[in-house]
Amino acid sequence: MQLLPTVLLVDDDQTARYLAARLLRPYADRVRVLMAADGHQALQLLAHYATELVPTLVLLDLYMPVLDGFGFLRAQLGWPPARRAAVRVVIVSSSDMPAEEQRARELGVPMLPKPLTAAMLARVLHQQLGEAFQLA
């Protein structure tokens with residue numbers, strides 16, 4: 001059985017998670033969608049679901065309770081290289097602070113502005129998950 005790539009939506013704002021999940025509906029036959037309200041919950045979900053090293057895209061908010069986006073990224077640095085390579089992260093944030101953008105660049109993590117649009121999501125799916133998400 002071929003496992004589908006996973007898209008993990010990590011945001012403490014329930015409305016933001018819901019809207020991103022709606023944007024993913026056209027891809028329902030090509031991705032598995034998971035949601036987490038903070039970085040800690042996201043790490044737990046990945047520990048449970050991403051053990052198969054299936055390509056995973058994490059759409060990560062920066063400011064959340066319990067464990068923020070940069071805390072999630074610090075934890076990810078401790079993963080084995082194969083697992084780290086299988087989990088791609090894109091920050092999705094309403095922050096327009098240059099310091100956050102600089103930190104994201106230093107970590108090699110792309111950053112998208114909120115709110116996500118269908119076109120932005122299509123582009124990032126294609127860039128991060130490959131040819132199955134070719135733009136029309």
# chains A, B, ... in the order shown; residues from 1 in each chain; ligands from 1

call {"tool": "closest_atom_pairs", "arguments": {"of": "segment 33-64 of chain A", "to": "segment 100-106 of chain A", "cutoff": "12 Å", "atoms": "only C-alpha atoms", "output": "JSON lines"}}
result
{"residue": "A:Leu60", "atom": "CA", "partner": "A:Ala104", "partner_atom": "CA", "distance": 11.4}
{"residue": "A:Asp61", "atom": "CA", "partner": "A:Glu100", "partner_atom": "CA", "distance": 11.5}
{"residue": "A:Leu62", "atom": "CA", "partner": "A:Glu100", "partner_atom": "CA", "distance": 8.7}
{"residue": "A:Tyr63", "atom": "CA", "partner": "A:Glu100", "partner_atom": "CA", "distance": 10.7}

call {"tool": "write_last_selection", "arguments": {"atoms": "N, CA, C and O atoms", "output": "CSV table (one decimal), in the first residue's frame"}}
result
chain,number,residue,atom,x,y,z
A,60,LEU,N,3.6,25.8,9.3
A,60,LEU,CA,3.9,26.1,10.7
A,60,LEU,C,3.7,27.5,11.1
A,60,LEU,O,4.4,28.4,10.5
A,61,ASP,N,2.9,27.8,12.0
A,61,ASP,CA,2.7,29.2,12.6
A,61,ASP,C,3.9,29.4,13.5
A,61,ASP,O,4.5,28.5,14.0
A,62,LEU,N,4.2,30.7,13.7
A,62,LEU,CA,5.4,31.0,14.6
A,62,LEU,C,4.9,31.1,16.1
A,62,LEU,O,5.6,30.6,17.0
A,63,TYR,N,3.9,31.9,16.3
A,63,TYR,CA,3.5,32.2,17.7
A,63,TYR,C,2.3,31.4,18.2
A,63,TYR,O,1.2,31.5,17.7

call {"tool": "residues_around", "arguments": {"residues": "segment 36-51 of chain A", "least_positions_apart": "4", "cutoff": "7 Å", "atoms": "only C-alpha atoms", "output": "PyMOL selection string"}}
result
chain A and resi 9-12+64-69+72

call {"tool": "closest_residue", "arguments": {"among": "A:Val124, A:Asp13, A:Leu57, A:Leu4", "to": "Val31 of chain A", "atoms": "only C-alpha atoms"}}
result
A:Leu4

call {"tool": "residues_around", "arguments": {"residues": "Leu77 of chain A", "least_positions_apart": "6", "cutoff": "12 Å", "atoms": "only C-alpha atoms", "output": "list of chain:residue names"}}
result
A:Phe70, A:Gly71, A:Arg83, A:Arg84, A:Ala85, A:Val87, A:Arg88, A:Val89, A:Leu107, A:Gly108

call {"tool": "closest_residue", "arguments": {"among": "A:Met35, A:Met97, A:Val58, A:Val92", "to": "Met120 of chain A", "atoms": "only C-alpha atoms"}}
result
A:Val92

call {"tool": "closest_residue", "arguments": {"among": "A:Val54, A:Val109, A:Ser94, A:Phe133", "to": "Leu73 of chain A", "atoms": "only C-alpha atoms"}}
result
A:Val109

call {"tool": "atom_distance", "arguments": {"atom1": "atom CA of Thr56 of chain A", "atom2": "atom CA of Thr6 of chain A"}}
result
4.6 Å

call {"tool": "atom_distance", "arguments": {"atom1": "atom CA of Leu8 of chain A", "atom2": "atom CA of Arg32 of chain A"}}
result
8.4 Å

call {"tool": "select_by_dssp", "arguments": {"residues": "chain A", "states": "alpha helix (DSSP H)", "output": "PyMOL selection string"}}
result
chain A and resi 14-24+39-49+69-76+81-86+98-107+118-129
